[in-house]
Structures are given as structure tokens and as C-alpha cells.
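What follows is the content of model_4.cif, which has mmCIF, C-alpha atoms and all ligand atoms:
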```
data_start
loop_
_atom_site.group_PDB
_atom_site.id
_atom_site.type_symbol
_atom_site.label_atom_id
_atom_site.label_comp_id
_atom_site.auth_asym_id
_atom_site.auth_seq_id
_atom_site.Cartn_x
_atom_site.Cartn_y
_atom_site.Cartn_z
ATOM 1 C CA MET A 767 29.241 -19.297 -36.006
ATOM 2 C CA GLU A 768 26.096 -20.888 -37.218
ATOM 3 C CA ALA A 769 23.623 -18.840 -39.135
ATOM 4 C CA TYR A 770 20.862 -19.298 -36.602
ATOM 5 C CA GLU A 771 23.174 -18.286 -33.751
ATOM 6 C CA LYS A 772 23.818 -15.092 -35.616
ATOM 7 C CA SER A 773 20.118 -14.445 -36.125
ATOM 8 C CA PHE A 774 19.510 -14.793 -32.358
ATOM 9 C CA LEU A 775 22.282 -12.268 -31.692
ATOM 10 C CA VAL A 776 20.777 -9.852 -34.183
ATOM 11 C CA ALA A 777 17.271 -10.377 -32.751
ATOM 12 C CA SER A 778 18.354 -9.729 -29.148
ATOM 13 C CA GLY A 779 20.290 -6.665 -30.279
ATOM 14 C CA ALA A 780 17.183 -5.406 -32.080
ATOM 15 C CA VAL A 781 15.037 -5.934 -28.966
ATOM 16 C CA LEU A 782 17.533 -3.939 -26.897
ATOM 17 C CA VAL A 783 17.516 -1.087 -29.410
ATOM 18 C CA ALA A 784 13.686 -1.176 -29.548
ATOM 19 C CA PHE A 785 13.466 -0.908 -25.747
ATOM 20 C CA LEU A 786 15.923 1.986 -25.666
ATOM 21 C CA LEU A 787 13.929 3.769 -28.366
ATOM 22 C CA ALA A 788 10.683 3.184 -26.442
ATOM 23 C CA LEU A 789 12.328 4.566 -23.295
ATOM 24 C CA ALA A 790 13.663 7.610 -25.160
ATOM 25 C CA TYR A 791 10.232 8.174 -26.715
ATOM 26 C CA SER A 792 8.456 8.049 -23.340
ATOM 27 C CA VAL A 793 10.952 10.437 -21.739
ATOM 28 C CA PHE A 794 11.423 12.993 -24.524
ATOM 29 C CA ALA A 795 8.231 12.814 -26.592
ATOM 30 C CA MET A 796 5.668 11.956 -23.887
ATOM 31 C CA GLY A 797 7.365 13.707 -20.967
ATOM 32 C CA ILE A 798 7.047 10.751 -18.598
ATOM 33 C CA SER A 799 9.512 10.810 -15.733
ATOM 34 C CA MET A 800 10.174 9.448 -12.292
ATOM 35 C CA PRO A 801 8.591 11.489 -9.512
ATOM 36 C CA GLY A 802 11.021 14.295 -8.869
ATOM 37 C CA ARG A 803 11.402 16.903 -6.229
ATOM 38 C CA MET A 804 7.873 17.821 -5.236
ATOM 39 C CA GLU A 805 6.336 20.975 -3.958
ATOM 40 C CA MET A 806 7.002 21.172 -0.208
ATOM 41 C CA ILE A 807 4.965 22.526 2.672
ATOM 42 C CA ALA A 808 6.951 24.801 4.957
ATOM 43 C CA CYS A 809 6.797 23.261 8.417
ATOM 44 C CA THR A 810 9.483 23.366 11.084
ATOM 45 C CA ALA A 811 10.250 20.569 13.518
ATOM 46 C CA ASP A 812 8.473 22.285 16.401
ATOM 47 C CA GLN A 813 5.245 22.764 14.429
ATOM 48 C CA LYS A 814 2.455 20.249 14.075
ATOM 49 C CA LEU A 815 1.946 19.499 10.371
ATOM 50 C CA ARG A 816 -1.793 19.058 10.906
ATOM 51 C CA LYS A 817 -2.047 22.626 12.241
ATOM 52 C CA VAL A 818 0.229 24.079 9.562
ATOM 53 C CA LEU A 819 -1.939 22.531 6.831
ATOM 54 C CA ARG A 820 -5.020 24.223 8.255
ATOM 55 C CA VAL A 821 -3.541 27.630 7.394
ATOM 56 C CA THR A 822 -1.518 26.729 4.285
ATOM 57 C CA PRO A 823 -3.151 27.165 0.874
ATOM 58 C CA PRO A 824 -4.519 25.186 -0.842
ATOM 59 C CA PHE A 825 -4.933 22.801 2.112
ATOM 60 C CA ASP A 826 -6.701 25.392 4.255
ATOM 61 C CA ASN A 827 -9.647 24.805 1.922
ATOM 62 C CA PRO A 828 -9.922 21.133 0.875
ATOM 63 C CA GLY A 829 -12.540 20.172 -1.698
ATOM 64 C CA VAL A 830 -13.543 20.760 -5.298
ATOM 65 C CA HIS A 831 -12.703 24.134 -6.836
ATOM 66 C CA GLU A 832 -13.614 25.096 -10.403
ATOM 67 C CA THR A 833 -10.689 27.036 -11.862
ATOM 68 C CA ALA A 834 -12.055 27.460 -15.415
ATOM 69 C CA PRO A 835 -15.113 26.086 -17.228
ATOM 70 C CA GLY A 836 -14.768 22.285 -17.051
ATOM 71 C CA LYS A 837 -11.497 22.471 -15.116
ATOM 72 C CA PHE A 838 -11.184 21.708 -11.456
ATOM 73 C CA ASP A 839 -8.643 21.581 -8.681
ATOM 74 C CA VAL A 840 -9.458 18.967 -6.096
ATOM 75 C CA VAL A 841 -7.584 19.473 -2.845
ATOM 76 C CA VAL A 842 -7.407 16.437 -0.563
ATOM 77 C CA ILE A 843 -5.717 15.689 2.736
ATOM 78 C CA GLY A 844 -4.963 12.090 3.643
ATOM 79 C CA GLN A 845 -4.872 11.299 7.344
ATOM 80 C CA THR A 846 -5.140 8.154 9.455
ATOM 81 C CA TRP A 847 -7.575 6.719 8.334
ATOM 82 C CA SER A 848 -9.591 8.866 6.017
ATOM 83 C CA PHE A 849 -9.488 11.299 3.152
ATOM 84 C CA ALA A 850 -10.777 14.848 3.523
ATOM 85 C CA PRO A 851 -12.985 15.158 1.564
ATOM 86 C CA ASP A 852 -13.921 11.504 1.004
ATOM 87 C CA ASN A 853 -16.856 12.153 -1.322
ATOM 88 C CA ILE A 854 -15.798 14.079 -4.422
ATOM 89 C CA GLU A 855 -18.525 15.046 -6.895
ATOM 90 C CA LEU A 856 -17.646 16.102 -10.432
ATOM 91 C CA PRO A 857 -19.473 16.650 -13.706
ATOM 92 C CA VAL A 858 -18.827 14.360 -16.674
ATOM 93 C CA GLY A 859 -15.920 15.628 -18.760
ATOM 94 C CA ALA A 860 -14.259 17.377 -15.834
ATOM 95 C CA GLU A 861 -10.528 17.852 -16.199
ATOM 96 C CA VAL A 862 -9.277 17.531 -12.680
ATOM 97 C CA THR A 863 -5.959 18.278 -11.063
ATOM 98 C CA PHE A 864 -5.722 16.504 -7.740
ATOM 99 C CA ARG A 865 -3.474 18.228 -5.233
ATOM 100 C CA ALA A 866 -3.034 16.101 -2.180
ATOM 101 C CA THR A 867 -0.869 15.641 0.844
ATOM 102 C CA SER A 868 -0.769 13.776 4.120
ATOM 103 C CA SER A 869 -0.976 15.292 7.572
ATOM 104 C CA ASP A 870 0.612 12.357 9.373
ATOM 105 C CA VAL A 871 2.136 9.231 7.814
ATOM 106 C CA ILE A 872 2.585 8.088 4.211
ATOM 107 C CA HIS A 873 -0.716 7.256 2.526
ATOM 108 C CA GLY A 874 -1.667 6.183 -0.957
ATOM 109 C CA PHE A 875 -4.105 7.910 -3.284
ATOM 110 C CA MET A 876 -5.461 5.694 -6.004
ATOM 111 C CA ILE A 877 -8.644 6.095 -8.010
ATOM 112 C CA VAL A 878 -9.663 2.683 -9.299
ATOM 113 C CA GLY A 879 -10.228 2.557 -13.065
ATOM 114 C CA THR A 880 -8.130 5.674 -13.763
ATOM 115 C CA ASN A 881 -4.411 6.320 -13.918
ATOM 116 C CA VAL A 882 -4.525 8.482 -10.782
ATOM 117 C CA ASN A 883 -2.092 6.734 -8.495
ATOM 118 C CA MET A 884 0.006 8.746 -6.087
ATOM 119 C CA MET A 885 1.815 8.484 -2.808
ATOM 120 C CA LEU A 886 0.938 11.088 -0.188
ATOM 121 C CA VAL A 887 4.049 12.034 1.738
ATOM 122 C CA PRO A 888 3.747 14.247 4.826
ATOM 123 C CA GLY A 889 4.988 17.723 3.958
ATOM 124 C CA GLU A 890 4.978 17.195 0.200
ATOM 125 C CA VAL A 891 2.326 18.033 -2.367
ATOM 126 C CA SER A 892 1.441 15.301 -4.862
ATOM 127 C CA SER A 893 -0.476 16.227 -7.957
ATOM 128 C CA GLU A 894 -1.901 14.493 -10.970
ATOM 129 C CA THR A 895 -4.364 15.513 -13.667
ATOM 130 C CA TYR A 896 -7.100 13.299 -15.059
ATOM 131 C CA LYS A 897 -10.108 13.829 -17.295
ATOM 132 C CA PHE A 898 -13.287 12.027 -16.222
ATOM 133 C CA SER A 899 -14.958 11.325 -19.565
ATOM 134 C CA ARG A 900 -17.325 8.647 -18.288
ATOM 135 C CA PRO A 901 -19.962 8.950 -15.574
ATOM 136 C CA GLY A 902 -19.803 6.590 -12.648
ATOM 137 C CA GLU A 903 -18.728 6.055 -9.107
ATOM 138 C CA TYR A 904 -14.990 5.608 -8.764
ATOM 139 C CA LEU A 905 -13.441 4.114 -5.671
ATOM 140 C CA LEU A 906 -10.709 6.143 -3.982
ATOM 141 C CA LEU A 907 -8.284 3.977 -2.041
ATOM 142 C CA CYS A 908 -5.288 4.280 0.202
ATOM 143 C CA HIS A 909 -2.840 1.715 -1.122
ATOM 144 C CA GLU A 910 0.098 2.356 1.178
ATOM 145 C CA TYR A 911 -0.047 0.491 4.462
ATOM 146 C CA CYS A 912 -0.629 3.221 7.048
ATOM 147 C CA GLY A 913 -1.574 1.405 10.202
ATOM 148 C CA ARG A 914 -4.210 -0.647 11.936
ATOM 149 C CA LEU A 915 -7.232 0.683 9.993
ATOM 150 C CA HIS A 916 -5.495 1.111 6.633
ATOM 151 C CA HIS A 917 -8.036 -1.184 4.981
ATOM 152 C CA THR A 918 -10.880 1.175 5.930
ATOM 153 C CA MET A 919 -9.277 4.239 4.360
ATOM 154 C CA SER A 920 -11.302 4.942 1.264
ATOM 155 C CA GLY A 921 -13.565 7.397 -0.445
ATOM 156 C CA LYS A 922 -15.367 7.883 -3.710
ATOM 157 C CA VAL A 923 -15.395 10.106 -6.745
ATOM 158 C CA VAL A 924 -18.867 10.476 -8.189
ATOM 159 C CA VAL A 925 -18.984 11.651 -11.808
ATOM 160 C CA LYS A 926 -22.399 12.528 -13.214
HETATM 161 CU CU1 LIG B 1 -3.805 5.441 4.544
HETATM 162 CU CU2 LIG B 1 -3.360 3.132 4.092
#
```
Give the structure from this file in C-alpha cells form.
Ligand code: CUA
Amino acid sequence: MEAYEKSFLVASGAVLVAFLLALAYSVFAMGISMPGRMEMIACTADQKLRKVLRVTPPFDNPGVHETAPGKFDVVVIGQTWSFAPDNIELPVGAEVTFRATSSDVIHGFMIVGTNVNMMLVPGEVSSETYKFSRPGEYLLLCHEYCGRLHHTMSGKVVVK
């Protein structure tokens, strides 16, 4: 075996080990994982999910709720073809936990310029926490095709 053949073997082995270490670091040190079993909304086949949501906390009261100084829960329902609420106002520095679901089909929930990017599955609760350190108007988009007017399904997060 030629010396340079050997060095390529060693290099590719090193890359593999580096990737495995990066993966292990992200899983065990940073706690990043695939979306797992989510919180479910109890709804039987003969019930209308839209009606069940109206009486199921926290979705009986969508909107911005301050839970501690500087900390907020934002409860959002995605439905064809809008978000409720679609205009979310927050102060700069707000640490926000979005708790969202869909009342009909699968929707997306993406806030442009942040790492908030979720799928809204009917009957499941998606949540993600983000700190808005910079003021501005952030676009909220549905990025899962959800029907004829999917492209109109949007909202905004205003941080000031
Ligand atoms: Cu909702 Cu696309």
C-alpha cells in the first residue's frame, strides 16, 4: 500500500470519528434530539377538534401570557388559512415559549430569522422556546402545504 493511500484511509477514518463525536456531543451535551412523542390533546373520533380546542387549556385562551417577569407563553392555533393570533407583540428580551397546535390539517410554524420552526399536527402540541433579543418585525409563516390558500397563511411577531 502506498503511503498516500494510507493517509487517505486515516483521513477518512478521522472524519468519521469526528462526525460521530459531533453527533454524540449534540445529543448528550446539548440535548438536541429528534421530535419525540408530543403532548396530545384528548379528542375522540366523534368530537370536532376545533370545538375541543375551544375548551382545552391552554388553547381555550390563545395569545400572549406573561408567566414570570420577561417570560412569556404564546399560545397559537393554526387553522386553514390563518394563525390565531396572527399579530404577536412582545417586549425586547422576551423569553418566549410557543405552544401551538392545529385545529384541522398539518400546518407549519416558522418565524423567519429565528430558529423557531415547528410542524403543527392536529391533536398534538408543539412547543419551542426562543429569546427575542433584537427589536423588529418577524414574519410568521406556514411552511407546510395546507391547501389552496397556503401561501396566504402568515402572521407577524412584533418585538419592541
Ligand atoms: Cu397552513 Cu400552509
For Val830 of chain A, the closest of A:Ala795, A:Ile854, A:Val878, A:Ala811 counting only C-alpha atoms is A:Ile854
Evaluate the PyMOL selection byres (((chain A and resi 850) around 10) and not hetatm) and record the selected residues as a PyMOL selection string, following the chain and residue labels used in the document. chain A and resi 825+828-829+841-845+847-849+851-854+866+921
Item to complete: Report as a ChimeraX atom specification the full result of the PyMOL selection byres (((not hetatm)) within 12 of (chain B and resi 1)) when it is applied to this structure.
Response: /A:843-850,867-876,884-888,906-921
Here atom CA of Arg865 of chain A and atom CA of Leu789 of chain A stand apart by 27.6 Å
Original post:
Contacts of segment 899-903 of chain A at 7 Å or less, counting all atoms listed in the file, minus same-chain residues fewer than 2 places along, as an NGL selection string?
Top reply: :A and (858-859 or 897 or 905 or 922-926)
Atom CA of Phe785 of chain A to atom CA of Ile798 of chain A measures 15.1 Å
Exercise for the section: Starting from the displayed file, determine the output of the PyMOL selection byres (((chain A and resi 808) around 10) and not hetatm) and express the residue list as JSON, numbers by chain. Expected result: {"A": [805, 806, 807, 809, 810, 813, 815, 818, 819, 822, 889, 890]}
Using only the atoms of segment 843-850 of chain A listed in the file, plus 4 Å on each side, state the axis-aligned box centre and edge lengths in Å rounded to one decimal, as JSON.
```
{"center_x": -7.8, "center_y": 11.2, "center_z": 6.1, "size_x": 13.9, "size_y": 17.0, "size_z": 14.7}
```
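In this model, the gap between atom CA of Pro824 of chain A and atom CA of Asn881 of chain A comes to 23.0 Å.
A cut-off of 12 Å from the point (-6.9, 18.2, -14.6), with only C-alpha atoms, picks out the residues Val830, His831, Glu832, Thr833, Ala834, Pro835, Gly836, Lys837, Phe838, Asp839, Val840, Val841, Leu856, Gly859, Ala860, Glu861, Val862, Thr863, Phe864, Arg865, Val882, Ser893, Glu894, Thr895, Tyr896, Lys897, Phe898 and Ser899 of chain A.
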Filtering to C-alpha atoms, could you give me those residues as a PDB file, keeping the file's coordinate frame?
```pdb
ATOM      1  CA  VAL A 830     -13.543  20.760  -5.298  1.00  0.00           C
ATOM      2  CA  HIS A 831     -12.703  24.134  -6.836  1.00  0.00           C
ATOM      3  CA  GLU A 832     -13.614  25.096 -10.403  1.00  0.00           C
ATOM      4  CA  THR A 833     -10.689  27.036 -11.862  1.00  0.00           C
ATOM      5  CA  ALA A 834     -12.055  27.460 -15.415  1.00  0.00           C
ATOM      6  CA  PRO A 835     -15.113  26.086 -17.228  1.00  0.00           C
ATOM      7  CA  GLY A 836     -14.768  22.285 -17.051  1.00  0.00           C
ATOM      8  CA  LYS A 837     -11.497  22.471 -15.116  1.00  0.00           C
ATOM      9  CA  PHE A 838     -11.184  21.708 -11.456  1.00  0.00           C
ATOM     10  CA  ASP A 839      -8.643  21.581  -8.681  1.00  0.00           C
ATOM     11  CA  VAL A 840      -9.458  18.967  -6.096  1.00  0.00           C
ATOM     12  CA  VAL A 841      -7.584  19.473  -2.845  1.00  0.00           C
ATOM     13  CA  LEU A 856     -17.646  16.102 -10.432  1.00  0.00           C
ATOM     14  CA  GLY A 859     -15.920  15.628 -18.760  1.00  0.00           C
ATOM     15  CA  ALA A 860     -14.259  17.377 -15.834  1.00  0.00           C
ATOM     16  CA  GLU A 861     -10.528  17.852 -16.199  1.00  0.00           C
ATOM     17  CA  VAL A 862      -9.277  17.531 -12.680  1.00  0.00           C
ATOM     18  CA  THR A 863      -5.959  18.278 -11.063  1.00  0.00           C
ATOM     19  CA  PHE A 864      -5.722  16.504  -7.740  1.00  0.00           C
ATOM     20  CA  ARG A 865      -3.474  18.228  -5.233  1.00  0.00           C
ATOM     21  CA  VAL A 882      -4.525   8.482 -10.782  1.00  0.00           C
ATOM     22  CA  SER A 893      -0.476  16.227  -7.957  1.00  0.00           C
ATOM     23  CA  GLU A 894      -1.901  14.493 -10.970  1.00  0.00           C
ATOM     24  CA  THR A 895      -4.364  15.513 -13.667  1.00  0.00           C
ATOM     25  CA  TYR A 896      -7.100  13.299 -15.059  1.00  0.00           C
ATOM     26  CA  LYS A 897     -10.108  13.829 -17.295  1.00  0.00           C
ATOM     27  CA  PHE A 898     -13.287  12.027 -16.222  1.00  0.00           C
ATOM     28  CA  SER A 899     -14.958  11.325 -19.565  1.00  0.00           C
TER      29      SER A 899
END
```
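Minimum atom-to-atom distances from A:Ile877, A:Leu786, A:Asn827, A:Tyr904 to Glu855 of chain A were compared using all atoms listed in the file, and the lowest value belongs to A:Tyr904.
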